[in-house]
Amino acid sequence: MAALKSQISPPEPTTLFFDGYDNSGKAGLGVCSSGFIGTLSQCSSNGGNNTSDDNVTSGEMFSILFDKVVSITDLYFRNATHKALNGSLKIGDKTYTVTNGGLAAEVYALLGKKSTFSFAYTDSQFYLSTMSVGDGGELGDVPLPASALLLIAGVGGLGAMRRRKTKS
Amino acid sequence: MKYFLSAAMAAAMSLAVSGASAATFDFQFIADTYKDANNKQEGSFAQVYDSYEALFDNGGVKITDITAGADHAFF
């Protein structure tokens, strides 16, 4: 991930980038504002063929689409120098504070259950290193009745077997 | 034994229906995997997804796309 975004070029199409900066071992999901679509293979300004960077910077965002409704249970962001992010960013239409790379534990529940989550710059360059999600329950928020029915069926089976055993 | 099996089956099916799956997506691992196989070259989402779609399918949850705004041109 490059440290700074060049300001010399006009706005260009953006591209999501996975980068391990200078083979340092730190990598993640960011955004590359790129004019080199045809030969795109490096995005970082340091050693790349592009004057852009691959962090999420001013005006940039990305959205992750899942095949089902999920809830986010953990996130880890790094800053432009690959350290744990301390700053803020937008998730959906709300701004959240990030401390030591993640959100406060109680905040994850506020993000809701969705099949698409978007992340946008507010005041700190960042990239996403890891993300954990839980199944949000595609059938809705009330899977309990179905579970309860199965449980009742199981208990019923127990009763039936006991009855059969008693008869014999 | 039969009782135990019946109860265990009900519990397992109950878990399955309530959808208790979870997944962690390690984007650093995905990036490193791609770079290791491609001369340390960086990769766009489209390039990485083409090669390693399975890494985006984890614990019963799959990432089907990642976009970077209305003006992106690479997806």
# chains A, B, ... in the order shown; residues from 1 in each chain; ligands from 1

$ residues_around --residues "Glu53 of chain B" --least-positions-apart "6" --cutoff "12 Å" --atoms "only C-alpha atoms" --output "ChimeraX atom specification"
/B:30,33-34,45-47,62-65

$ residues_around --residues "segment 117-119 of chain A" --least-positions-apart "5" --cutoff "12 Å" --atoms "only C-alpha atoms" --output "compact mmCIF listing (two decimals) with C-alpha atoms, in the first residue's frame"
# COMPACT_ATOMS: atom_id res chain seq x y z
CA LEU A 29 -8.13 -4.94 0.14
CA GLY A 30 -7.91 -1.36 -1.07
CA VAL A 31 -8.76 0.80 -4.04
CA ASN A 55 -5.34 2.58 -0.02
CA VAL A 56 -8.86 3.87 0.28
CA THR A 57 -8.29 7.61 0.09
CA GLY A 59 -13.44 10.16 -2.38
CA GLU A 60 -12.88 6.40 -2.60
CA MET A 61 -14.94 3.50 -1.31
CA PHE A 62 -15.59 -0.16 -1.94
CA SER A 63 -18.55 -2.46 -1.46
CA ILE A 64 -18.43 -6.15 -0.63
CA LEU A 65 -21.31 -8.27 -1.91
CA PHE A 66 -22.19 -11.60 -0.30
CA LYS A 68 -26.61 -14.08 1.46
CA VAL A 69 -27.50 -11.77 4.29
CA VAL A 70 -24.68 -11.64 6.84
CA SER A 71 -23.74 -9.73 9.95
CA ILE A 72 -20.21 -8.42 10.48
CA LEU A 75 -13.02 -6.10 11.05
CA PHE A 77 -8.15 -2.13 9.11
CA SER A 88 -12.66 6.95 11.33
CA LEU A 89 -14.35 5.64 8.22
CA LYS A 90 -17.80 5.26 6.82
CA ILE A 91 -19.63 1.95 6.80
CA GLY A 92 -22.84 2.35 4.88
CA ASP A 93 -24.00 5.88 5.51
CA LYS A 94 -22.66 6.21 9.04
CA THR A 95 -19.24 7.20 10.30
CA TYR A 96 -17.54 4.94 12.83
CA LEU A 111 -24.03 -2.47 11.39
CA GLY A 112 -27.07 -4.63 10.79
CA GLN A 125 -6.38 6.31 4.55
CA PHE A 126 -7.07 2.64 5.13
CA TYR A 127 -7.26 -0.82 3.69
CA LEU A 128 -9.13 -3.86 4.94
CA MET A 131 -13.27 -9.42 7.92
CA VAL A 133 -19.07 -12.39 9.21
CA ILE B 63 -18.23 -13.04 -1.49
CA ASP B 65 -18.28 -9.32 -5.94
CA ILE B 66 -16.39 -6.33 -4.67
CA THR B 67 -16.98 -3.03 -6.41
CA ALA B 68 -15.28 0.32 -6.05
CA GLY B 69 -17.91 2.87 -6.88

$ atom_distance --atom1 "atom CA of Asp57 of chain B" --atom2 "atom CA of Tyr108 of chain A"
21.8 Å
